[in-house]
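Remarks on the structure that follows.
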Amino acid sequence: MRNVFIAIAAGALLIAGCGVKSVIPAGNFAGSPNGINGRSVHTAAMTITETPVPQASSGPTGIVTGPDGNIWFTEYFKNSIAVFNVTTSKIKHFHITTANARPAGITVGPDGNLWFTESIGNKIGKITPAGVITEFPINIPKSDPIGITTGADGNLWFTELDGNRIVSISPTTGNLTGFLVPTPRSHPAFITLGPDGALWFTENTAGKIGRLNGHFTEFALPIGSNPEGIVTGPDGNLWFTDDALSQVDKMTTAGAVTTYPTLTAAAVPSRITVGPSDLGPAALWFTESGANNIAEVTTAGVVSEFPAPTPASGLTGITLGPNNTVWFTEHIANKIGTVAGI
């Protein structure tokens with residue numbers, strides 16, 4: 001399915017402190033104690049903490065750790081970019097000028113600023129750590145930009161869900177260069193810089209993983225696949241979520257795939273990031289929007305799941321934060337959360 005967001009009203013600029021709710025699920029998980037791929041018990045006393053976002057119904061979506069060490073996220077429904085100050089625990093919001101912009105993905109650029117996609121506004125935005133926003137219109141209408149990352153060439157690269165393109169934007173000039181994905185209506189969703197220096201991306205409705213490095217290569221997945229989030233893992237492979245088949249997949253740069261099912265059926269795994277692990281040197285962390293879990297898979301394939309404190313929270317974005325923490329967004333519950341003590 002196309003995993004896009006339903007739009008409602010935009011909102012206003014706000015600076016506020018936040019109430020905090022915490023739980024400590026040490027050793028807790030959803031699913032069987034022995035899991036599917038290995039034992040899923042953690043010995044560390046992990047803590048999941050949720051922070052309400054002051055703007056009501058803001059729809060936190062994309063999330064990233066900024067160059068200032070704070071947590072930045074997009075507010076899809078309130079037309080804002082927000083930053084959570086890890087020292088003061090306050091959230092500050094910066095309003096986007098374009099009406100109904102619907103900011104989605106966000107990343108740190110090579111210029112020390114944060115760059116984000118405006119899925120309905122059809123623009124790419126840049127925000128400095130001080131909060132100054134600049135917008136760059138996309139050169140074809142209704143392209144629906146979603147995922148964004150920094151490439152090996154020093155440009156920002158983003159996906160166009162409806163434009164069916166992979167596009168680069170220069171951080172210095174704002175110039176755009178687009179490349180049409182070979183498979184029509186493939187709905188490229190999320191994108192990452194691969195271990196080979198190429199751009200790797202998910203083709204959500206085509207059931208493929210794409211690679212762009214001067215030319216396109218596409219790797220077909222099993223029938224029924226809907227790949228979504230993608231990231232380069234600590235083992236030098238590509239890791240991506242499959243929301244339809246409820247699994248996380250590992251792909252080598254040659255295209256060989258290994259699958260790891262979620263412990264909970266129909267978990268709908270969504271975004272994915274690299275993070276720490278008490279079961280090894282590093283792991284992959286991902287959100288399960290259907291099961292309402294934060295989940296981990298080690299590079300050896302051991303899957304663990306941890307329930308979010310708020311039911312039906314709409315878990316969406318996820319990123320590695322400072323001090324070995326993992327941060328995530330709750331699109332429906334209107335919160336951001338963190339997993340600590342890993």
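Chain labels follow the order of the structure tokens: the first chain is A, the next B, and so on; residue numbering restarts at 1 in every chain, and ligands are counted from 1 in their shown order.
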
From a DSSP pass on the backbone, collect the residues of range 96-197 of chain A flagged as strand (DSSP E) and hand them back as JSON, numbers by chain. {"A": [103, 104, 105, 106, 107, 108, 114, 115, 116, 117, 118, 123, 124, 125, 126, 127, 133, 134, 135, 136, 137, 145, 146, 147, 148, 149, 150, 156, 157, 158, 159, 160, 165, 166, 167, 168, 169, 176, 177, 178, 179, 180, 188, 189, 190, 191, 192, 193]}

So that I can check the surroundings of range 182-192 of chain A, please list as a PDB file with C-alpha atoms, in the first residue's frame every protein, DNA and RNA residue that reaches within 10 Å of it, counting only C-alpha atoms and ignoring chain neighbours fewer than 2 positions away.
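What landed in part-v9.pdb:
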```
ATOM      1  CA  MET A   1       0.000   0.000   0.000  1.00  0.00           C
ATOM      2  CA  ARG A   2       1.068   3.611  -0.406  1.00  0.00           C
ATOM      3  CA  ASN A   3       1.950   4.716   3.097  1.00  0.00           C
ATOM      4  CA  VAL A   4       1.036   8.401   2.869  1.00  0.00           C
ATOM      5  CA  GLY A 105      11.087  13.468   5.694  1.00  0.00           C
ATOM      6  CA  ASP A 144       4.932  14.345  -3.626  1.00  0.00           C
ATOM      7  CA  PRO A 145       8.516  14.353  -2.259  1.00  0.00           C
ATOM      8  CA  ILE A 146       8.893  12.010   0.728  1.00  0.00           C
ATOM      9  CA  GLY A 147      12.320  10.563   1.641  1.00  0.00           C
ATOM     10  CA  ILE A 148      15.545  12.571   1.680  1.00  0.00           C
ATOM     11  CA  THR A 149      19.231  11.849   2.337  1.00  0.00           C
ATOM     12  CA  THR A 150      22.714  13.213   1.619  1.00  0.00           C
ATOM     13  CA  GLY A 151      24.576  11.620  -1.287  1.00  0.00           C
ATOM     14  CA  TRP A 157      18.752  13.401  -2.836  1.00  0.00           C
ATOM     15  CA  PHE A 158      15.034  12.845  -2.447  1.00  0.00           C
ATOM     16  CA  THR A 159      12.241  10.609  -3.718  1.00  0.00           C
ATOM     17  CA  GLU A 160       9.116  11.737  -5.538  1.00  0.00           C
ATOM     18  CA  LEU A 161       6.321   9.341  -4.631  1.00  0.00           C
ATOM     19  CA  ASP A 162       4.027  10.527  -7.430  1.00  0.00           C
ATOM     20  CA  GLY A 163       6.638  12.025  -9.747  1.00  0.00           C
ATOM     21  CA  ASN A 164       8.344   8.604  -9.898  1.00  0.00           C
ATOM     22  CA  ARG A 165      11.756  10.241  -9.839  1.00  0.00           C
ATOM     23  CA  ILE A 166      14.928  10.322  -7.770  1.00  0.00           C
ATOM     24  CA  PHE A 179      16.048  10.898 -12.853  1.00  0.00           C
ATOM     25  CA  LEU A 180      12.925   8.949 -13.840  1.00  0.00           C
ATOM     26  CA  GLY A 194      24.535   2.872   0.321  1.00  0.00           C
ATOM     27  CA  PRO A 195      27.847   1.345   1.445  1.00  0.00           C
ATOM     28  CA  GLY A 197      28.391   5.152  -2.611  1.00  0.00           C
ATOM     29  CA  ALA A 198      25.203   4.660  -4.644  1.00  0.00           C
ATOM     30  CA  LEU A 199      21.690   5.848  -3.727  1.00  0.00           C
ATOM     31  CA  TRP A 200      19.398   3.012  -2.668  1.00  0.00           C
ATOM     32  CA  PHE A 201      15.635   3.462  -2.401  1.00  0.00           C
ATOM     33  CA  THR A 202      12.389   1.563  -1.893  1.00  0.00           C
ATOM     34  CA  GLU A 203       9.817   1.259  -4.688  1.00  0.00           C
ATOM     35  CA  ASN A 204       6.756   0.895  -2.506  1.00  0.00           C
ATOM     36  CA  THR A 205       4.074  -0.317  -4.919  1.00  0.00           C
ATOM     37  CA  ALA A 206       6.423  -1.949  -7.444  1.00  0.00           C
ATOM     38  CA  GLY A 207       7.845  -4.307  -4.805  1.00  0.00           C
ATOM     39  CA  LYS A 208      11.430  -3.461  -5.725  1.00  0.00           C
ATOM     40  CA  ILE A 209      14.602  -1.982  -4.294  1.00  0.00           C
ATOM     41  CA  GLY A 210      16.256   0.535  -6.575  1.00  0.00           C
ATOM     42  CA  ARG A 211      19.883   1.595  -6.912  1.00  0.00           C
ATOM     43  CA  HIS A 215      22.226   4.451 -14.039  1.00  0.00           C
ATOM     44  CA  PHE A 216      19.410   2.510 -12.419  1.00  0.00           C
ATOM     45  CA  THR A 217      19.429  -1.083 -11.203  1.00  0.00           C
ATOM     46  CA  GLU A 218      16.229  -2.573  -9.791  1.00  0.00           C
ATOM     47  CA  PRO A 227       9.206  -2.015   0.934  1.00  0.00           C
ATOM     48  CA  GLU A 228       9.193   1.219   2.894  1.00  0.00           C
ATOM     49  CA  GLY A 229      12.046   2.468   5.130  1.00  0.00           C
ATOM     50  CA  ILE A 230      15.656   1.750   4.146  1.00  0.00           C
ATOM     51  CA  VAL A 231      19.074   2.324   5.719  1.00  0.00           C
ATOM     52  CA  THR A 232      22.659   1.156   5.365  1.00  0.00           C
ATOM     53  CA  LEU A 238      21.087  -2.539   3.035  1.00  0.00           C
ATOM     54  CA  PHE A 240      14.645  -2.249   4.739  1.00  0.00           C
ATOM     55  CA  ARG A 271      10.878   3.415   9.264  1.00  0.00           C
TER      56      ARG A 271
END
```

Option closest in space to Asn85 in chain A, from A:Gly214, A:Pro222, A:Gly321, A:Pro110 [counting only C-alpha atoms]: A:Gly321

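Interatomic distance, CA of Asn122 in chain A against CA of Ala104 in chain A: 11.1 Å.
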
Ile342 in chain A environment, 7 Å, only C-alpha atoms, sequence neighbours closer than 6 positions dropped, as JSON, numbers by chain: {"A": [44, 46, 276, 277, 278, 324]}

Compile the contact shell of His95 in chain A as a compact mmCIF listing (two decimals) with N, CA and C atoms, in the first residue's frame: residues with an atom at most 12 Å away, counting only C-alpha atoms, same-chain residues fewer than 3 positions apart removed.
```
# COMPACT_ATOMS: atom_id res chain seq x y z
N ALA A 10 -3.63 23.23 9.23
CA ALA A 10 -2.30 23.70 9.63
C ALA A 10 -2.40 24.47 10.93
N GLY A 11 -1.22 24.72 11.59
CA GLY A 11 -1.25 25.35 12.90
C GLY A 11 -0.28 26.50 13.06
N ALA A 12 -0.06 26.93 14.32
CA ALA A 12 0.67 28.15 14.62
C ALA A 12 1.99 27.89 15.30
N LEU A 13 2.82 28.95 15.37
CA LEU A 13 4.13 28.88 16.00
C LEU A 13 3.99 28.84 17.52
N LEU A 14 4.84 28.03 18.18
CA LEU A 14 4.69 27.87 19.62
C LEU A 14 6.01 27.45 20.24
N ILE A 15 6.32 27.97 21.40
CA ILE A 15 7.46 27.52 22.19
C ILE A 15 6.91 27.09 23.54
N GLN A 55 1.77 21.47 20.21
CA GLN A 55 0.76 21.77 19.22
C GLN A 55 -0.18 20.57 19.06
N SER A 58 -0.49 17.69 15.77
CA SER A 58 0.54 18.19 14.85
C SER A 58 1.06 17.11 13.91
N THR A 74 9.49 16.73 11.85
CA THR A 74 8.49 17.42 11.04
C THR A 74 7.12 17.28 11.69
N GLU A 75 6.33 18.34 11.61
CA GLU A 75 4.95 18.32 12.11
C GLU A 75 4.04 18.39 10.89
N TYR A 76 3.63 17.23 10.44
CA TYR A 76 2.95 17.08 9.15
C TYR A 76 1.65 17.87 9.08
N PHE A 77 0.86 17.83 10.14
CA PHE A 77 -0.45 18.48 10.11
C PHE A 77 -0.40 19.96 10.49
N LYS A 78 0.65 20.42 11.14
CA LYS A 78 0.73 21.80 11.61
C LYS A 78 1.70 22.65 10.82
N ASN A 79 2.23 22.07 9.71
CA ASN A 79 3.03 22.89 8.79
C ASN A 79 4.26 23.49 9.47
N SER A 80 4.89 22.71 10.33
CA SER A 80 6.01 23.21 11.11
C SER A 80 7.16 22.22 11.14
N ILE A 81 8.34 22.76 11.42
CA ILE A 81 9.51 21.97 11.80
C ILE A 81 9.75 22.26 13.28
N ALA A 82 9.95 21.22 14.07
CA ALA A 82 10.11 21.40 15.51
C ALA A 82 11.45 20.85 15.97
N VAL A 83 11.93 21.39 17.08
CA VAL A 83 13.17 20.90 17.68
C VAL A 83 12.95 20.69 19.17
N LYS A 92 10.49 23.75 20.42
CA LYS A 92 10.29 25.00 19.72
C LYS A 92 9.85 24.69 18.30
N THR A 98 4.81 28.20 3.22
CA THR A 98 3.90 27.60 2.25
C THR A 98 2.73 26.93 2.96
N ALA A 99 1.52 27.33 2.59
CA ALA A 99 0.33 26.73 3.19
C ALA A 99 0.21 25.27 2.77
N ASN A 100 -0.26 24.44 3.70
CA ASN A 100 -0.51 23.03 3.41
C ASN A 100 0.73 22.32 2.86
N ALA A 101 1.90 22.65 3.40
CA ALA A 101 3.15 22.08 2.90
C ALA A 101 3.26 20.59 3.21
N ARG A 102 2.76 20.16 4.34
CA ARG A 102 2.82 18.78 4.79
C ARG A 102 4.26 18.23 4.79
N PRO A 103 5.11 18.77 5.69
CA PRO A 103 6.50 18.29 5.75
C PRO A 103 6.55 16.83 6.19
N GLY A 125 12.63 21.95 1.61
CA GLY A 125 12.91 23.01 2.56
C GLY A 125 14.26 22.83 3.23
N ILE A 127 16.25 24.32 6.78
CA ILE A 127 16.14 25.10 8.01
C ILE A 127 17.48 25.10 8.72
N GLY A 131 16.76 28.22 12.97
CA GLY A 131 15.35 28.24 12.63
C GLY A 131 14.97 29.03 11.39
N VAL A 132 15.94 29.45 10.58
CA VAL A 132 15.64 30.19 9.36
C VAL A 132 15.32 29.20 8.24
N ILE A 133 14.14 29.34 7.64
CA ILE A 133 13.68 28.40 6.62
C ILE A 133 13.78 29.01 5.22
N THR A 134 14.31 28.21 4.29
CA THR A 134 14.34 28.55 2.87
C THR A 134 13.67 27.40 2.11
```

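Pairwise distance (CA of Glu50 in chain A, CA of Ala308 in chain A) equals 8.6 Å.
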
Need to verify the contact set: Ile294 in chain A, 7 Å, only C-alpha atoms, exclusion of same-chain residues closer than 3 positions in sequence. Can you return it as a ChimeraX atom specification? /A:286-288,305-308

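You can rank A:Ala256, A:Ile332, A:Leu284, A:Leu263 by their closest distance to Ile318 in chain A using only C-alpha atoms, and at the top of that list sits A:Leu284.
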
One-decimal distance in Å that lies between CA of Ala254 in chain A and CA of Thr299 in chain A: 17.5 Å
